[in-house]
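See structure below.
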Amino acid sequence: MNAVATLIAMLPFLFAIYLVNAAERERSVRVLVYLYLLLLNGLIAVIGLFSLAGAALFASDDFANALQQQNPGLDVAQFRAARLDLAGALLMLATLLAMLALLPPVRRLAARLLPLRADSMVHTAALSLTATALGLNLFQMVALAPMLLAATATEQGIEQLQRLGGVSYLDVLVFPLLTFVIAALLGVGLYVRRTQAEAFERLGLAPLTVPQLGAAAGLTIALLGMAIFTERAWQALDPESLRRVGGLSKALMGNFTGLSGALAVGVAAAIGEETFFRGAYQPRMGIVLTSLLFTSFHVQYGITPATLLVFVMSVVLGILRQRTSLTMCILVHFLYNFTSVLVAS
């Protein structure tokens with residue numbers, strides 16, 4: 001069900017990417033693109049409004065007492081820590097920025113800072129949808145992460161999350177693998193603006209050489225060392241936070257253990273995320289913005305030391321993409337995830 005819901009939720013964004021590529025060839029479609037992006041962001045802004053209303057509801061003592069009576073074991077105080085008001089405000093601000101990105105002066109300003117063209121509908125939509133995606137990811141972090149982490153305060157809470165079921169193999173097949181690959185192929189205009197060969201060249205797919213295989217192994221070892229250092233520093237600075245995030249991660253990703261789990265996570269994340277972020281997105285948006293967007297998709301547990309690790313790894317992969325190929329990025333990402341899951345198992 002999670003996979004189906006994710007795919008349905010992503011369809012409006014995938015359609016937007018297809019539509020803007022069609023607009024590059026048919027100028028008459030551009031008006032429809034503007035209207036569609038305005039409508040999409042307007043509907044998302046409504047979610048922000050509902051979040052603000054929900055914040056007021058959770059602040060009510062009567063509602064909290066009623067919730068406590070219905071769920072005696074629930075720690076309502078922890079759930080009140082979820083900043084629905086801040087989440088709603090951030091989402092509304094992001095959708096406003098997404099709409100402003102459609103204005104020619106804003107696009108021309110962005111073109112001075114980023115390797116994009118102000119007259120391109122694809123680049124305009126990418127800029128607009130970036131703001132939308134950042135807003136949605138921050139909304140999820142601020143609104144949902146505190147509630148999920150609240151459930152990890154006790155071992156019983158972690159066990160309850162595990163019983164509810166975490167991420168399945170079908171989930172990772174749909175997101176990140178299927179969704180990101182489709183978004184990347186649509187984004188580079190496969191069969192709309194480019195042939196298959198042109199699309200693969202634009203993404204940066206290229207054969208690997210023997211020296212590159214050795215370099216990929218060495219870089220993977222360095223990234224794993226960075227991850228170990230980050231975890232030990234985190235343990236020294238805030239062991240309780242590490243315990244809770246670890247418990248939540250185990251509850252959600254506990255299905256992925258052993259060789260099969262390592263292969264599933266390694267293949268899905270490496271191919272899906274790298275094809276979209278380093279293949280389709282980075283050449284037009286640059287390493288820094290790509291890394292910020294990439295990191296925002298990994299803040300489901302809130303801002304932690306691991307967040308900085310993800311950002312630094314994204315920058316490293318971004319530089320690797322510039323100097324080698326997308327294929328190298330996929331290989332390093334796969335080796336890192338595969339080894340991490342296997343060792344954790």
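Simple scheme: letters A, B, ... for chains in structure tokens order, numbers from 1 for residues in each chain, numbers from 1 for ligands in the order shown.
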>> Give me, as a list in words, all polymer residues having an atom no more than 10 Å from range 44-59 of chain A, counting only C-alpha atoms and skipping those fewer than 6 positions away in the same chain.
In response: Leu38, Leu67, Val76, Ala77, Phe79, Arg80, Ala81, Ala82, Arg83, Leu84, Asp85, Leu86, Ala87, Gly88, Ala89, Leu90, Leu91, Met92, Leu93, Ala94, Thr95, Leu96, Thr132, Gly135, Leu136, Phe139 and Ala143 of chain A
Output N, CA and C atoms for every residue in the selection just made, as a PDB file, in the first residue's frame.
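Saved to result_8.pdb:
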ATOM      1  N   LEU A  38       1.083  26.421 -11.335  1.00  0.00           N
ATOM      2  CA  LEU A  38       0.401  27.279 -10.367  1.00  0.00           C
ATOM      3  C   LEU A  38      -0.660  26.495  -9.604  1.00  0.00           C
ATOM      4  N   LEU A  67      -7.746  12.619  23.252  1.00  0.00           N
ATOM      5  CA  LEU A  67      -6.809  11.722  22.590  1.00  0.00           C
ATOM      6  C   LEU A  67      -6.142  10.795  23.590  1.00  0.00           C
ATOM      7  N   VAL A  76       1.059  12.202  24.756  1.00  0.00           N
ATOM      8  CA  VAL A  76       0.568  13.319  23.949  1.00  0.00           C
ATOM      9  C   VAL A  76       1.574  14.458  23.918  1.00  0.00           C
ATOM     10  N   ALA A  77       2.300  14.649  25.007  1.00  0.00           N
ATOM     11  CA  ALA A  77       3.283  15.738  25.063  1.00  0.00           C
ATOM     12  C   ALA A  77       4.334  15.589  23.974  1.00  0.00           C
ATOM     13  N   PHE A  79       3.876  14.110  21.095  1.00  0.00           N
ATOM     14  CA  PHE A  79       3.257  14.380  19.802  1.00  0.00           C
ATOM     15  C   PHE A  79       3.010  15.871  19.601  1.00  0.00           C
ATOM     16  N   ARG A  80       2.841  16.591  20.677  1.00  0.00           N
ATOM     17  CA  ARG A  80       2.694  18.040  20.566  1.00  0.00           C
ATOM     18  C   ARG A  80       3.992  18.700  20.116  1.00  0.00           C
ATOM     19  N   ALA A  81       5.102  17.967  20.253  1.00  0.00           N
ATOM     20  CA  ALA A  81       6.392  18.512  19.818  1.00  0.00           C
ATOM     21  C   ALA A  81       6.455  18.665  18.301  1.00  0.00           C
ATOM     22  N   ALA A  82       5.571  17.980  17.603  1.00  0.00           N
ATOM     23  CA  ALA A  82       5.516  18.118  16.151  1.00  0.00           C
ATOM     24  C   ALA A  82       5.036  19.525  15.813  1.00  0.00           C
ATOM     25  N   ARG A  83       5.899  20.299  15.180  1.00  0.00           N
ATOM     26  CA  ARG A  83       5.577  21.694  14.895  1.00  0.00           C
ATOM     27  C   ARG A  83       4.755  21.808  13.614  1.00  0.00           C
ATOM     28  N   LEU A  84       3.470  21.488  13.727  1.00  0.00           N
ATOM     29  CA  LEU A  84       2.604  21.580  12.557  1.00  0.00           C
ATOM     30  C   LEU A  84       2.477  23.013  12.062  1.00  0.00           C
ATOM     31  N   ASP A  85       2.553  23.967  12.979  1.00  0.00           N
ATOM     32  CA  ASP A  85       2.466  25.374  12.568  1.00  0.00           C
ATOM     33  C   ASP A  85       3.681  25.766  11.732  1.00  0.00           C
ATOM     34  N   LEU A  86       4.875  25.383  12.201  1.00  0.00           N
ATOM     35  CA  LEU A  86       6.098  25.683  11.454  1.00  0.00           C
ATOM     36  C   LEU A  86       6.125  24.916  10.135  1.00  0.00           C
ATOM     37  N   ALA A  87       5.698  23.656  10.181  1.00  0.00           N
ATOM     38  CA  ALA A  87       5.669  22.849   8.958  1.00  0.00           C
ATOM     39  C   ALA A  87       4.750  23.474   7.920  1.00  0.00           C
ATOM     40  N   GLY A  88       3.574  23.912   8.345  1.00  0.00           N
ATOM     41  CA  GLY A  88       2.638  24.542   7.424  1.00  0.00           C
ATOM     42  C   GLY A  88       3.178  25.838   6.852  1.00  0.00           C
ATOM     43  N   ALA A  89       3.832  26.634   7.706  1.00  0.00           N
ATOM     44  CA  ALA A  89       4.387  27.908   7.245  1.00  0.00           C
ATOM     45  C   ALA A  89       5.509  27.672   6.224  1.00  0.00           C
ATOM     46  N   LEU A  90       6.365  26.680   6.494  1.00  0.00           N
ATOM     47  CA  LEU A  90       7.455  26.367   5.567  1.00  0.00           C
ATOM     48  C   LEU A  90       6.915  25.895   4.220  1.00  0.00           C
ATOM     49  N   LEU A  91       5.869  25.085   4.256  1.00  0.00           N
ATOM     50  CA  LEU A  91       5.299  24.566   3.012  1.00  0.00           C
ATOM     51  C   LEU A  91       4.665  25.689   2.200  1.00  0.00           C
ATOM     52  N   MET A  92       3.980  26.584   2.860  1.00  0.00           N
ATOM     53  CA  MET A  92       3.353  27.705   2.144  1.00  0.00           C
ATOM     54  C   MET A  92       4.412  28.644   1.565  1.00  0.00           C
ATOM     55  N   LEU A  93       5.495  28.864   2.308  1.00  0.00           N
ATOM     56  CA  LEU A  93       6.585  29.699   1.810  1.00  0.00           C
ATOM     57  C   LEU A  93       7.233  29.050   0.590  1.00  0.00           C
ATOM     58  N   ALA A  94       7.416  27.735   0.638  1.00  0.00           N
ATOM     59  CA  ALA A  94       8.049  27.029  -0.472  1.00  0.00           C
ATOM     60  C   ALA A  94       7.190  27.108  -1.736  1.00  0.00           C
ATOM     61  N   THR A  95       5.893  26.946  -1.588  1.00  0.00           N
ATOM     62  CA  THR A  95       5.016  27.022  -2.764  1.00  0.00           C
ATOM     63  C   THR A  95       4.979  28.442  -3.327  1.00  0.00           C
ATOM     64  N   LEU A  96       5.095  29.437  -2.459  1.00  0.00           N
ATOM     65  CA  LEU A  96       5.163  30.816  -2.937  1.00  0.00           C
ATOM     66  C   LEU A  96       6.428  31.039  -3.754  1.00  0.00           C
ATOM     67  N   THR A 132       9.265  23.439  -4.547  1.00  0.00           N
ATOM     68  CA  THR A 132       8.146  22.616  -4.081  1.00  0.00           C
ATOM     69  C   THR A 132       8.642  21.391  -3.331  1.00  0.00           C
ATOM     70  N   GLY A 135      10.122  22.191   0.039  1.00  0.00           N
ATOM     71  CA  GLY A 135       9.052  22.483   0.985  1.00  0.00           C
ATOM     72  C   GLY A 135       8.376  21.226   1.502  1.00  0.00           C
ATOM     73  N   LEU A 136       8.089  20.290   0.614  1.00  0.00           N
ATOM     74  CA  LEU A 136       7.443  19.041   1.023  1.00  0.00           C
ATOM     75  C   LEU A 136       8.347  18.208   1.925  1.00  0.00           C
ATOM     76  N   PHE A 139       8.512  19.892   5.255  1.00  0.00           N
ATOM     77  CA  PHE A 139       7.216  19.691   5.916  1.00  0.00           C
ATOM     78  C   PHE A 139       7.172  18.324   6.583  1.00  0.00           C
ATOM     79  N   ALA A 143       6.935  18.047  10.615  1.00  0.00           N
ATOM     80  CA  ALA A 143       5.631  17.580  11.094  1.00  0.00           C
ATOM     81  C   ALA A 143       5.642  16.127  11.553  1.00  0.00           C
TER      82      ALA A 143
END
>> Which residues are close to Phe334 in chain A, i.e. within 8 Å by only C-alpha atoms, leaving aside same-chain residues fewer than 4 positions away? Reply as a PyMOL selection string.
In response: chain A and resi 266-267+269-271+330+338
>> What's around Pro104 in chain A at 10 Å? Count only C-alpha atoms, leave out sequence neighbours fewer than 5 positions away in its own chain, and write the answer as a VMD selection string.
In response: chain A and resid 109 to 110 118 to 119 124
> Which residues come within 12 Å of Leu326 in chain A, counting only C-alpha atoms, excluding same-chain residues fewer than 3 positions away, as JSON, numbers by chain?
Replying inline: {"A": [200, 201, 202, 203, 204, 205, 206, 207, 208, 270, 271, 272, 273, 274, 275, 276, 277, 278, 279, 280, 281, 282, 283, 317, 318, 319, 320, 321, 322, 323, 329, 330, 331, 332, 333]}
So that I have them on file, write out the residues from the current selection with N, CA and C atoms, as an mmCIF file, in the first residue's frame.
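As written to disk, selection-v7.cif reads:
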data_model
loop_
_atom_site.group_PDB
_atom_site.id
_atom_site.type_symbol
_atom_site.label_atom_id
_atom_site.label_comp_id
_atom_site.auth_asym_id
_atom_site.auth_seq_id
_atom_site.Cartn_x
_atom_site.Cartn_y
_atom_site.Cartn_z
ATOM 1 N N PHE A 200 20.790 9.014 -22.884
ATOM 2 C CA PHE A 200 21.809 8.350 -22.063
ATOM 3 C C PHE A 200 23.108 9.159 -22.028
ATOM 4 N N GLU A 201 23.438 9.789 -23.155
ATOM 5 C CA GLU A 201 24.630 10.641 -23.182
ATOM 6 C C GLU A 201 24.443 11.854 -22.285
ATOM 7 N N ARG A 202 23.244 12.445 -22.324
ATOM 8 C CA ARG A 202 22.948 13.609 -21.476
ATOM 9 C C ARG A 202 23.023 13.228 -19.991
ATOM 10 N N LEU A 203 22.578 12.037 -19.647
ATOM 11 C CA LEU A 203 22.641 11.588 -18.260
ATOM 12 C C LEU A 203 24.070 11.321 -17.809
ATOM 13 N N GLY A 204 24.953 11.010 -18.742
ATOM 14 C CA GLY A 204 26.348 10.773 -18.394
ATOM 15 C C GLY A 204 26.706 9.312 -18.228
ATOM 16 N N LEU A 205 25.891 8.420 -18.791
ATOM 17 C CA LEU A 205 26.198 6.998 -18.719
ATOM 18 C C LEU A 205 27.354 6.673 -19.651
ATOM 19 N N ALA A 206 28.338 5.958 -19.152
ATOM 20 C CA ALA A 206 29.519 5.614 -19.944
ATOM 21 C C ALA A 206 30.128 4.345 -19.384
ATOM 22 N N PRO A 207 30.820 3.579 -20.210
ATOM 23 C CA PRO A 207 31.474 2.346 -19.722
ATOM 24 C C PRO A 207 32.537 2.656 -18.679
ATOM 25 N N LEU A 208 32.741 1.709 -17.786
ATOM 26 C CA LEU A 208 33.754 1.859 -16.753
ATOM 27 C C LEU A 208 35.079 1.264 -17.219
ATOM 28 N N ALA A 270 21.072 3.468 -5.486
ATOM 29 C CA ALA A 270 22.180 3.871 -6.368
ATOM 30 C C ALA A 270 21.677 4.233 -7.757
ATOM 31 N N ILE A 271 20.893 3.367 -8.359
ATOM 32 C CA ILE A 271 20.414 3.638 -9.716
ATOM 33 C C ILE A 271 19.389 4.758 -9.722
ATOM 34 N N GLY A 272 18.406 4.671 -8.824
ATOM 35 C CA GLY A 272 17.346 5.673 -8.821
ATOM 36 C C GLY A 272 17.843 7.070 -8.488
ATOM 37 N N GLU A 273 18.505 7.209 -7.335
ATOM 38 C CA GLU A 273 18.934 8.534 -6.881
ATOM 39 C C GLU A 273 20.012 9.130 -7.774
ATOM 40 N N GLU A 274 20.985 8.321 -8.164
ATOM 41 C CA GLU A 274 22.068 8.877 -8.985
ATOM 42 C C GLU A 274 21.587 9.257 -10.387
ATOM 43 N N THR A 275 20.711 8.454 -10.974
ATOM 44 C CA THR A 275 20.204 8.784 -12.300
ATOM 45 C C THR A 275 19.471 10.115 -12.286
ATOM 46 N N PHE A 276 18.697 10.347 -11.241
ATOM 47 C CA PHE A 276 17.954 11.612 -11.168
ATOM 48 C C PHE A 276 18.849 12.769 -10.736
ATOM 49 N N PHE A 277 19.492 12.640 -9.566
ATOM 50 C CA PHE A 277 20.203 13.787 -8.994
ATOM 51 C C PHE A 277 21.490 14.119 -9.751
ATOM 52 N N ARG A 278 22.378 13.145 -9.902
ATOM 53 C CA ARG A 278 23.643 13.429 -10.579
ATOM 54 C C ARG A 278 23.523 13.353 -12.092
ATOM 55 N N GLY A 279 22.569 12.560 -12.599
ATOM 56 C CA GLY A 279 22.440 12.425 -14.044
ATOM 57 C C GLY A 279 21.632 13.531 -14.685
ATOM 58 N N ALA A 280 20.377 13.673 -14.274
ATOM 59 C CA ALA A 280 19.480 14.634 -14.919
ATOM 60 C C ALA A 280 19.557 16.021 -14.290
ATOM 61 N N TYR A 281 19.617 16.086 -12.974
ATOM 62 C CA TYR A 281 19.427 17.364 -12.265
ATOM 63 C C TYR A 281 20.704 18.202 -12.164
ATOM 64 N N GLN A 282 21.792 17.607 -11.729
ATOM 65 C CA GLN A 282 23.007 18.372 -11.434
ATOM 66 C C GLN A 282 23.560 19.189 -12.598
ATOM 67 N N PRO A 283 23.597 18.662 -13.843
ATOM 68 C CA PRO A 283 24.176 19.461 -14.929
ATOM 69 C C PRO A 283 23.488 20.808 -15.150
ATOM 70 N N LEU A 317 29.982 12.946 -4.541
ATOM 71 C CA LEU A 317 29.432 12.281 -5.726
ATOM 72 C C LEU A 317 29.225 13.273 -6.867
ATOM 73 N N GLY A 318 28.891 14.512 -6.511
ATOM 74 C CA GLY A 318 28.725 15.542 -7.532
ATOM 75 C C GLY A 318 30.028 15.855 -8.246
ATOM 76 N N ILE A 319 31.099 15.956 -7.482
ATOM 77 C CA ILE A 319 32.422 16.181 -8.081
ATOM 78 C C ILE A 319 32.830 14.979 -8.931
ATOM 79 N N LEU A 320 32.515 13.786 -8.423
ATOM 80 C CA LEU A 320 32.812 12.563 -9.175
ATOM 81 C C LEU A 320 32.068 12.559 -10.508
ATOM 82 N N ARG A 321 30.827 13.022 -10.487
ATOM 83 C CA ARG A 321 30.035 13.084 -11.729
ATOM 84 C C ARG A 321 30.660 14.048 -12.730
ATOM 85 N N GLN A 322 31.162 15.177 -12.246
ATOM 86 C CA GLN A 322 31.784 16.160 -13.135
ATOM 87 C C GLN A 322 33.056 15.622 -13.765
ATOM 88 N N ARG A 323 33.814 14.857 -13.009
ATOM 89 C CA ARG A 323 35.136 14.430 -13.475
ATOM 90 C C ARG A 323 35.124 13.070 -14.175
ATOM 91 N N CYS A 329 29.282 7.183 -10.373
ATOM 92 C CA CYS A 329 28.485 7.588 -9.208
ATOM 93 C C CYS A 329 27.572 6.457 -8.759
ATOM 94 N N ILE A 330 26.954 5.782 -9.720
ATOM 95 C CA ILE A 330 26.074 4.661 -9.398
ATOM 96 C C ILE A 330 26.864 3.555 -8.707
ATOM 97 N N LEU A 331 28.046 3.254 -9.212
ATOM 98 C CA LEU A 331 28.863 2.183 -8.638
ATOM 99 C C LEU A 331 29.280 2.510 -7.208
ATOM 100 N N VAL A 332 29.762 3.730 -6.967
ATOM 101 C CA VAL A 332 30.199 4.114 -5.616
ATOM 102 C C VAL A 332 29.024 4.119 -4.651
ATOM 103 N N HIS A 333 27.905 4.668 -5.094
ATOM 104 C CA HIS A 333 26.706 4.712 -4.245
ATOM 105 C C HIS A 333 26.249 3.298 -3.905
#
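You will find CA of Gln70 in chain A at 22.6 Å from CA of Ala145 in chain A.
Between CA of Gln140 in chain A and CA of Phe13 in chain A the separation is 17.2 Å.
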> How many Å separate CA of Thr290 in chain A from CA of Arg112 in chain A?
Replying inline: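 The value is 16.6 Å.
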Please build the interface table for range 164-267 of chain A against range 300-312 of chain A with a cut-off of 8 Å, listing for each qualifying residue the nearest atom pair and the distance in Å to one decimal; count only C-alpha atoms, order rows by chain and increasing number, and write it as a tab-separated table.
residue	atom	partner	partner_atom	distance
A:Met226	CA	A:Leu309	CA	7.7
A:Ala227	CA	A:Leu309	CA	6.9
A:Thr230	CA	A:Pro305	CA	6.7
A:Glu231	CA	A:Ala306	CA	7.7
A:Trp234	CA	A:Pro305	CA	6.4
A:Val245	CA	A:Tyr301	CA	6.5
> Which polymer residues have any atom within 6 Å of an atom of range 20-25 of chain A, counting only C-alpha atoms, with same-chain residues fewer than 2 positions away left out, as a VMD selection string?
Replying inline: chain A and resid 17 to 18 27 29 to 30 121 to 122 189
> Which residues come within 12 Å of Leu35 in chain A, counting only C-alpha atoms, excluding same-chain residues fewer than 6 positions away, as a list in words?
Replying inline: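 That gives Ala16, Leu19, Val20, Val29, Asn41, Gly42, Met99, Leu102 and Ala125 of chain A.
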>> With distances taken over only C-alpha atoms, which residue among A:Ser120, A:Ser249, A:Ile8, A:Leu138 lies nearest Thr295 in chain A?
In response: A:Leu138
>> Residues of range 82-122 of chain A classed as alpha helix (DSSP H) by DSSP on the backbone are to be reported as a list of chain:residue names.
In response: A:Leu84, A:Asp85, A:Leu86, A:Ala87, A:Gly88, A:Ala89, A:Leu90, A:Leu91, A:Met92, A:Leu93, A:Ala94, A:Thr95, A:Leu96, A:Leu97, A:Ala98, A:Met99, A:Leu100, A:Pro104, A:Pro105, A:Val106, A:Arg107, A:Arg108, A:Leu109, A:Ala110, A:Ala111, A:Arg112, A:Leu113, A:Met121, A:Val122
Store the residues picked out above in a file with C-alpha atoms, as a PDB file, in the first residue's frame.
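Dumped everything to out.pdb:
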ATOM      1  CA  LEU A  84       2.604  21.580  12.557  1.00  0.00           C
ATOM      2  CA  ASP A  85       2.466  25.374  12.568  1.00  0.00           C
ATOM      3  CA  LEU A  86       6.098  25.683  11.454  1.00  0.00           C
ATOM      4  CA  ALA A  87       5.669  22.849   8.958  1.00  0.00           C
ATOM      5  CA  GLY A  88       2.638  24.542   7.424  1.00  0.00           C
ATOM      6  CA  ALA A  89       4.387  27.908   7.245  1.00  0.00           C
ATOM      7  CA  LEU A  90       7.455  26.367   5.567  1.00  0.00           C
ATOM      8  CA  LEU A  91       5.299  24.566   3.012  1.00  0.00           C
ATOM      9  CA  MET A  92       3.353  27.705   2.144  1.00  0.00           C
ATOM     10  CA  LEU A  93       6.585  29.699   1.810  1.00  0.00           C
ATOM     11  CA  ALA A  94       8.049  27.029  -0.472  1.00  0.00           C
ATOM     12  CA  THR A  95       5.016  27.022  -2.764  1.00  0.00           C
ATOM     13  CA  LEU A  96       5.163  30.816  -2.937  1.00  0.00           C
ATOM     14  CA  LEU A  97       8.812  30.634  -4.001  1.00  0.00           C
ATOM     15  CA  ALA A  98       7.888  27.953  -6.534  1.00  0.00           C
ATOM     16  CA  MET A  99       5.324  30.295  -8.080  1.00  0.00           C
ATOM     17  CA  LEU A 100       7.750  33.229  -8.071  1.00  0.00           C
ATOM     18  CA  PRO A 104      10.948  35.994 -15.974  1.00  0.00           C
ATOM     19  CA  PRO A 105      12.986  38.331 -13.688  1.00  0.00           C
ATOM     20  CA  VAL A 106      13.426  35.549 -11.121  1.00  0.00           C
ATOM     21  CA  ARG A 107      14.438  33.070 -13.813  1.00  0.00           C
ATOM     22  CA  ARG A 108      16.989  35.504 -15.254  1.00  0.00           C
ATOM     23  CA  LEU A 109      18.469  36.036 -11.790  1.00  0.00           C
ATOM     24  CA  ALA A 110      18.683  32.273 -11.236  1.00  0.00           C
ATOM     25  CA  ALA A 111      20.387  31.865 -14.623  1.00  0.00           C
ATOM     26  CA  ARG A 112      23.209  34.119 -13.385  1.00  0.00           C
ATOM     27  CA  LEU A 113      23.848  31.817 -10.452  1.00  0.00           C
ATOM     28  CA  MET A 121      10.624  25.732 -19.863  1.00  0.00           C
ATOM     29  CA  VAL A 122      12.394  22.607 -18.604  1.00  0.00           C
TER      30      VAL A 122
END
> Using only C-alpha atoms, which of the listed residues (A:Leu335, A:Leu127, A:Val33, A:Val265) sits closest to Ala217 in chain A?
Replying inline: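 Nearest candidate to Ala217 in chain A out of A:Leu335, A:Leu127, A:Val33, A:Val265: A:Leu335.
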